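Asker: Next up, upload_17.tsv (TSV, C-alpha atoms).
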```
chain	number	residue	atom	x	y	z
A	1	MET	CA	55.11	91.47	95.96
A	2	THR	CA	58.06	93.22	97.55
A	3	ILE	CA	61.63	92.73	96.37
A	4	LYS	CA	65.07	94.03	97.32
A	5	LEU	CA	66.84	95.96	94.56
A	6	LEU	CA	70.59	96.61	94.32
A	7	TYR	CA	72.53	98.80	91.89
A	8	PHE	CA	76.29	98.69	91.37
A	9	ALA	CA	79.21	100.72	89.99
A	10	SER	CA	78.42	103.34	87.31
A	11	LEU	CA	74.70	102.48	87.45
A	12	ARG	CA	74.64	103.15	91.21
A	13	GLU	CA	76.18	106.57	90.56
A	14	THR	CA	73.83	107.37	87.67
A	15	LEU	CA	70.77	106.53	89.78
A	16	GLY	CA	72.16	108.01	92.99
A	17	ILE	CA	71.03	105.00	95.03
A	18	SER	CA	72.71	101.69	95.98
A	19	GLY	CA	69.64	99.74	97.00
A	20	GLU	CA	65.99	99.86	98.01
A	21	GLU	CA	62.95	97.76	98.78
A	22	VAL	CA	60.19	98.15	96.25
A	23	THR	CA	56.64	96.82	96.03
A	24	LEU	CA	55.76	95.85	92.49
A	25	PRO	CA	52.37	95.97	90.77
A	26	ASP	CA	50.87	92.57	89.90
A	27	ASP	CA	51.71	92.83	86.20
A	28	VAL	CA	55.48	92.99	86.83
A	29	SER	CA	56.67	89.41	86.99
A	30	ASN	CA	60.03	89.24	85.19
A	31	ILE	CA	63.24	91.21	84.59
A	32	ALA	CA	61.99	92.79	81.36
A	33	GLY	CA	58.84	94.03	83.13
A	34	LEU	CA	60.86	95.30	86.08
A	35	ARG	CA	63.13	97.34	83.78
A	36	ILE	CA	60.09	99.00	82.17
A	37	PHE	CA	58.50	99.66	85.58
A	38	LEU	CA	61.69	101.30	86.93
A	39	ALA	CA	62.37	103.27	83.72
A	40	ALA	CA	59.04	105.08	84.22
A	41	ARG	CA	60.50	106.78	87.32
A	42	GLY	CA	62.27	109.45	85.27
A	43	ASP	CA	65.12	110.41	82.98
A	44	ALA	CA	67.99	108.81	84.89
A	45	TRP	CA	66.05	105.54	85.11
A	46	GLN	CA	65.62	105.30	81.33
A	47	VAL	CA	69.06	103.70	81.28
A	48	LEU	CA	67.41	100.47	82.46
A	49	ILE	CA	65.66	100.05	79.11
A	50	ARG	CA	68.09	102.00	76.89
A	51	SER	CA	71.33	100.25	77.85
A	52	GLN	CA	71.49	96.78	76.31
A	53	ASN	CA	74.70	96.21	78.25
A	54	LEU	CA	73.19	96.35	81.72
A	55	ARG	CA	73.18	92.95	83.38
A	56	ALA	CA	70.64	91.64	85.87
A	57	ALA	CA	70.91	89.05	88.63
A	58	VAL	CA	68.11	87.38	90.58
A	59	ASN	CA	69.13	86.04	93.99
A	60	GLN	CA	72.79	86.51	93.06
A	61	LYS	CA	72.63	84.54	89.80
A	62	ILE	CA	72.88	86.17	86.35
A	63	ALA	CA	69.38	86.37	84.89
A	64	GLY	CA	68.05	87.06	81.39
A	65	SER	CA	65.17	89.38	80.55
A	66	GLU	CA	62.62	86.55	80.79
A	67	ALA	CA	63.76	85.46	84.26
A	68	GLY	CA	60.89	85.46	86.75
A	69	ILE	CA	60.77	87.50	89.97
A	70	SER	CA	59.08	86.34	93.19
A	71	ASP	CA	58.23	87.96	96.51
A	72	GLY	CA	61.33	88.42	98.66
A	73	ASP	CA	63.79	88.09	95.79
A	74	GLU	CA	67.02	90.08	95.64
A	75	VAL	CA	67.38	91.62	92.18
A	76	ALA	CA	70.52	93.48	91.10
A	77	PHE	CA	71.34	95.58	88.04
A	78	PHE	CA	74.93	96.38	87.04
A	79	PRO	CA	77.21	97.16	84.08
A	80	PRO	CA	79.44	94.51	82.47
A	81	VAL	CA	82.04	93.31	84.96
A	82	THR	CA	85.67	94.51	84.87
A	83	GLY	CA	87.50	92.60	87.61
A	84	GLY	CA	90.64	90.52	87.49
B	1	MET	CA	87.96	77.66	101.74
B	2	SER	CA	89.19	77.84	98.15
B	3	VAL	CA	87.81	81.33	97.43
B	4	SER	CA	88.42	84.60	99.31
B	5	VAL	CA	87.24	88.13	98.55
B	6	GLN	CA	89.17	90.52	100.75
B	7	SER	CA	90.67	94.00	101.02
B	8	GLU	CA	94.00	92.79	102.44
B	9	THR	CA	96.89	91.76	100.23
B	10	PHE	CA	98.17	88.18	99.98
B	11	ASP	CA	101.44	86.26	99.98
B	12	VAL	CA	101.75	83.98	96.95
B	13	GLY	CA	104.41	81.74	98.49
B	14	HIS	CA	102.41	81.30	101.66
B	15	GLU	CA	99.26	80.42	99.72
B	16	ILE	CA	101.09	77.86	97.56
B	17	ALA	CA	102.63	76.30	100.68
B	18	LEU	CA	99.19	76.01	102.31
B	19	LEU	CA	97.73	74.43	99.19
B	20	THR	CA	100.44	71.82	98.67
B	21	ARG	CA	101.20	71.00	102.32
B	22	ASP	CA	100.31	67.39	103.12
B	23	ASN	CA	99.34	66.78	99.50
B	24	HIS	CA	102.23	64.86	97.99
B	25	GLY	CA	100.25	63.83	94.93
B	26	VAL	CA	100.78	67.35	93.62
B	27	GLY	CA	103.34	67.40	90.84
B	28	ALA	CA	102.50	70.78	89.32
B	29	VAL	CA	101.38	74.18	90.57
B	30	ALA	CA	100.39	76.98	88.20
B	31	SER	CA	99.71	80.45	89.56
B	32	PHE	CA	98.58	83.78	88.15
B	33	VAL	CA	98.83	87.17	89.86
B	34	GLY	CA	97.09	90.24	88.40
B	35	LEU	CA	98.52	93.67	89.28
B	36	VAL	CA	97.26	97.25	89.03
B	37	ARG	CA	98.94	98.99	86.09
B	38	ASP	CA	99.48	102.71	85.80
B	39	LEU	CA	98.10	102.85	82.25
B	40	HIS	CA	94.47	103.72	81.54
B	41	GLY	CA	93.19	100.41	80.16
B	42	GLY	CA	96.27	100.25	77.96
B	43	ARG	CA	95.19	103.40	76.05
B	44	ALA	CA	97.56	106.24	75.34
B	45	ASP	CA	96.70	108.88	77.91
B	46	ASP	CA	98.66	111.75	79.43
B	47	ASN	CA	97.07	111.20	82.80
B	48	ARG	CA	98.36	107.98	84.29
B	49	VAL	CA	96.43	105.89	86.81
B	50	GLY	CA	97.15	107.02	90.36
B	51	ALA	CA	94.89	104.48	92.05
B	52	MET	CA	92.09	102.05	91.33
B	53	THR	CA	89.03	101.23	93.40
B	54	LEU	CA	87.38	97.84	93.03
B	55	GLU	CA	83.70	97.54	93.88
B	56	HIS	CA	82.02	94.15	94.15
B	57	TYR	CA	78.68	92.52	94.92
B	58	PRO	CA	79.14	90.86	98.35
B	59	GLY	CA	77.65	87.38	98.34
B	60	MET	CA	77.25	87.03	94.59
B	61	THR	CA	80.98	87.54	94.09
B	62	GLU	CA	81.87	84.59	96.31
B	63	HIS	CA	79.19	82.40	94.70
B	64	ALA	CA	80.35	83.30	91.18
B	65	LEU	CA	84.00	82.51	92.02
B	66	GLU	CA	83.04	79.22	93.67
B	67	GLU	CA	81.00	78.27	90.60
B	68	ILE	CA	83.97	79.06	88.30
B	69	VAL	CA	86.27	76.90	90.44
B	70	ALA	CA	83.69	74.09	90.44
B	71	GLU	CA	83.46	74.28	86.63
B	72	ALA	CA	87.27	74.08	86.35
B	73	ARG	CA	87.27	71.01	88.59
B	74	ARG	CA	84.63	69.39	86.35
B	75	ARG	CA	86.76	70.02	83.27
B	76	TRP	CA	90.19	69.03	84.60
B	77	GLU	CA	91.46	66.63	87.23
B	78	LEU	CA	92.76	69.06	89.83
B	79	LEU	CA	94.02	68.46	93.34
B	80	ALA	CA	93.57	71.94	94.81
B	81	VAL	CA	92.49	75.43	93.73
B	82	ARG	CA	92.83	78.79	95.49
B	83	VAL	CA	91.37	82.11	94.30
B	84	ILE	CA	91.84	85.42	96.12
B	85	HIS	CA	90.38	88.65	94.71
B	86	ARG	CA	90.83	92.00	96.44
B	87	PHE	CA	88.47	94.95	96.63
B	88	GLY	CA	88.83	98.54	97.78
B	89	ARG	CA	91.40	101.17	96.77
B	90	LEU	CA	94.64	99.81	95.28
B	91	LEU	CA	97.77	101.55	94.00
B	92	PRO	CA	99.75	100.73	90.83
B	93	GLY	CA	101.95	97.71	91.47
B	94	GLU	CA	99.61	96.21	94.03
B	95	ALA	CA	98.22	92.74	93.48
B	96	ILE	CA	94.49	92.47	92.64
B	97	VAL	CA	93.92	88.78	92.03
B	98	LEU	CA	95.58	85.42	92.67
B	99	VAL	CA	94.74	82.06	91.12
B	100	ILE	CA	96.64	78.92	92.12
B	101	VAL	CA	95.91	75.53	90.61
B	102	ALA	CA	97.58	72.33	91.82
B	103	GLY	CA	97.41	69.03	89.98
B	104	ALA	CA	99.37	65.94	89.10
B	105	HIS	CA	100.81	67.34	85.84
B	106	ARG	CA	101.44	70.75	84.30
B	107	GLY	CA	99.00	70.48	81.38
B	108	GLU	CA	95.79	70.64	83.38
B	109	THR	CA	97.14	73.20	85.86
B	110	PHE	CA	98.17	75.69	83.13
B	111	ALA	CA	94.86	75.25	81.32
B	112	ALA	CA	92.68	75.46	84.43
B	113	CYS	CA	94.50	78.55	85.71
B	114	GLU	CA	93.90	80.35	82.41
B	115	PHE	CA	90.28	79.18	82.26
B	116	ILE	CA	89.58	80.46	85.79
B	117	MET	CA	91.05	83.90	84.97
B	118	ASP	CA	89.13	84.16	81.67
B	119	TYR	CA	85.85	83.28	83.37
B	120	LEU	CA	86.57	85.47	86.39
B	121	LYS	CA	87.10	88.51	84.15
B	122	THR	CA	83.74	88.10	82.43
B	123	ARG	CA	81.56	86.55	85.16
B	124	ALA	CA	82.63	87.66	88.63
B	125	PRO	CA	80.84	90.87	89.71
B	126	PHE	CA	83.74	93.28	90.20
B	127	TRP	CA	83.98	96.78	88.75
B	128	LYS	CA	87.10	98.94	88.49
B	129	LYS	CA	87.18	102.70	88.81
B	130	GLU	CA	90.44	104.40	87.89
B	131	GLU	CA	91.73	107.64	89.33
B	132	GLY	CA	94.27	109.81	87.55
B	133	THR	CA	97.40	110.96	89.32
B	134	ASP	CA	95.54	114.20	90.13
B	135	GLY	CA	93.21	112.40	92.52
B	136	ALA	CA	89.69	111.08	92.81
B	137	GLU	CA	88.13	114.02	90.90
B	138	SER	CA	89.12	112.46	87.58
B	139	ALA	CA	87.96	108.95	88.51
B	140	ARG	CA	86.18	107.01	85.81
B	141	TRP	CA	84.74	103.52	85.47
B	142	VAL	CA	86.70	101.09	83.33
B	143	ASP	CA	84.80	99.78	80.28
B	144	ALA	CA	84.45	96.04	79.77
B	145	ARG	CA	86.67	94.82	76.93
B	146	LEU	CA	85.53	92.69	74.04
B	147	SER	CA	88.87	90.88	74.10
B	148	ASP	CA	88.05	89.53	77.58
B	149	GLU	CA	84.72	88.17	76.32
B	150	THR	CA	86.49	86.62	73.32
B	151	ALA	CA	89.02	84.98	75.65
B	152	ALA	CA	86.20	83.44	77.71
B	153	GLN	CA	84.29	82.29	74.61
B	154	ARG	CA	87.12	80.01	73.48
B	155	TRP	CA	86.43	77.74	76.46
B	156	LYS	CA	82.86	77.11	75.32
B	157	LYS	CA	82.34	73.42	74.84
B	158	GLN	CA	81.79	72.36	71.24
```
Hey, can you dump this file as structure tokens for me?

Answerer:
Amino acid sequence: MTIKLLYFASLRETLGISGEEVTLPDDVSNIAGLRIFLAARGDAWQVLIRSQNLRAAVNQKIAGSEAGISDGDEVAFFPPVTGG
Amino acid sequence: MSVSVQSETFDVGHEIALLTRDNHGVGAVASFVGLVRDLHGGRADDNRVGAMTLEHYPGMTEHALEEIVAEARRRWELLAVRVIHRFGRLLPGEAIVLVIVAGAHRGETFAACEFIMDYLKTRAPFWKKEEGTDGAESARWVDARLSDETAAQRWKKQ
């Protein structure tokens, strides 16, 4: 399946990318699996498994590590929010 | 249109007038305005904040704010709610956020206004980056504060 990925704030700067389309292998089906898949890209990407603080959203709703991912989904990773 | 995410500033009086116009059941209006301070997250620091840039997640931000307003309306009997949150580069003294709650009596409007701000600070996808007075070179992302999470937790239903 192919999903749209978005990265925000300090994570966007750490990774040097704000978004991308990525095709996932069949065994990646939830947020936890996606973090491990992306972390394998290299040093900067290790933050996705090392930082417990990083939040995830699937289709613009906050999602836990067990949340499922489907073809065409929009998945975002970002640090804790600091608005207001 | 109870929620707006915009770069432009806002006029509190104008927004209150719009909200209460033709709604004579309103007996109380509570409002909150958040401003950019020139202190680094309240910490002692020689280098004061020269500007702040707010990043957000277009689409999710609006949905998150609408969901917070809907939750407030489930908890309290409210007649009207307005939330405006700005993004982009803001200077100290500029307004960042506005929450207006209108109801029949003051109790629910005070409570709902505080609830919306507490949830907004921990659930709406905005991120602040502060610059020092020496420019964007020294810019750094603001850390989330535990005290904001604690403030939101107290609204958890028993």

Asker: Do you know which residues are at most 12 Å from Leu54 (chain A) counting all atoms listed in the file, after dropping those on the same chain fewer than 5 positions away, and could you put them as a ChimeraX atom specification?

Answerer: /A:7-12,31-32,35,46-49,62-65,76-81 /B:144

Asker: Hey, which of A:Asn59, A:Asp71, A:Leu5, A:Thr14 ends up closest to chain B? Count only C-alpha atoms.

Answerer: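 Counting only C-alpha atoms, the residue closest to chain B is A:Asn59.
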
Asker: If we count all atoms listed in the file and set the cut-off at 7 Å, which residues sit around region 61-78 of chain B, ignoring sequence neighbours fewer than 3 positions away in its own chain? Please answer as a list in words.

Answerer: Val3, Val5, His56, Tyr57, Pro58, Ala102, Gly103, Glu108, Ala112, Ile116, Tyr119, Leu120, Arg123, Ala124 and Pro125 of chain B

Asker: Distance table requested - chain B against chain A, cut-off 7 Å, only C-alpha atoms: one row per qualifying residue with the closest atom pair and its distance in Å to one decimal, ordered by chain and rising residue number, as a tab-separated table.

Answerer:
```
residue	atom	partner	partner_atom	distance
B:Gly34	CA	A:Gly84	CA	6.5
B:Glu55	CA	A:Ala9	CA	6.7
B:Met60	CA	A:Gln60	CA	4.7
B:Ile96	CA	A:Gly84	CA	6.7
B:Val97	CA	A:Gly84	CA	5.9
B:Leu120	CA	A:Gly84	CA	6.6
B:Lys121	CA	A:Gly84	CA	5.3
B:Thr122	CA	A:Val81	CA	6.0
B:Arg123	CA	A:Val81	CA	6.8
B:Ala124	CA	A:Val81	CA	6.8
B:Pro125	CA	A:Val81	CA	5.5
B:Phe126	CA	A:Gly83	CA	4.6
B:Trp127	CA	A:Thr82	CA	4.8
B:Lys128	CA	A:Thr82	CA	5.9
B:Trp141	CA	A:Ser10	CA	6.6
B:Val142	CA	A:Thr82	CA	6.8
B:Ala144	CA	A:Thr82	CA	5.5
```

Asker: As an exercise, work out the distance from CA of Ala151 (chain B) to CA of Ala95 (chain B) in Å and give it to one decimal place.

Answerer: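 These two atoms are separated by 21.5 Å.
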
Asker: Counting only C-alpha atoms, which of B:Glu15, B:Asp22, B:Asp134, B:Glu8 gets nearest to Gly88 (chain B)?

Answerer: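 Closest to Gly88 (chain B) of all the choices is B:Glu8.
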
Asker: Skipping near chain neighbours, those fewer than 3 positions away, what residues fall within 10 Å of Trp155 (chain B) using all atoms listed in the file, listed as a ChimeraX atom specification?

Answerer: /B:114-115,118-119,150-152,158

Asker: Just want the 10 Å neighbourhood of region 20-24 of chain A, counted on all atoms listed in the file, with same-chain residues fewer than 5 positions away dropped. Output as a PyMOL selection string.

Answerer: chain A and resi 1-7+29+34+37-38+71-72+74

Asker: So how far away is CA of Ala30 (chain B) from CA of Lys157 (chain B), in Å?

Answerer: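 Rounded to one decimal, the two atoms are 22.7 Å apart.
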
Asker: Can you measure CA of His85 (chain B) to CA of Val99 (chain B) for me? One decimal in Å is fine.

Answerer: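 CA of His85 (chain B) sits 8.7 Å away from CA of Val99 (chain B).
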
Asker: Skipping near chain neighbours, those fewer than 4 positions away, what residues fall within 7 Å of Leu90 (chain B) using all atoms listed in the file, listed as a list of chain:residue names?

Answerer: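 Skipping anything fewer than 4 positions along the chain leaves B:Ala51, B:Met52, B:Thr53, B:Glu94.
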
Asker: Which one is closest to Phe87 (chain B): B:Lys129, B:Val29, B:His14, B:Asn23? Count only C-alpha atoms.

Answerer: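 Once distances to Phe87 (chain B) are computed over only C-alpha atoms, the minimum belongs to B:Lys129.
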
Asker: When you count only C-alpha atoms, which of these residues is closest to His24 (chain B): B:Met117, B:Phe110, B:Ala80, B:Gln153?

Answerer: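 For His24 (chain B), the nearest of the candidates is B:Ala80.
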
Asker: Can you report as JSON the centre and edge lengths in Å, to one decimal, of an axis-aligned box around the listed atoms of region 118-136 of chain B padded with 8 Å on each side?

Answerer:
```
{"center_x": 89.1, "center_y": 98.7, "center_z": 87.2, "size_x": 32.6, "size_y": 46.9, "size_z": 27.1}
```
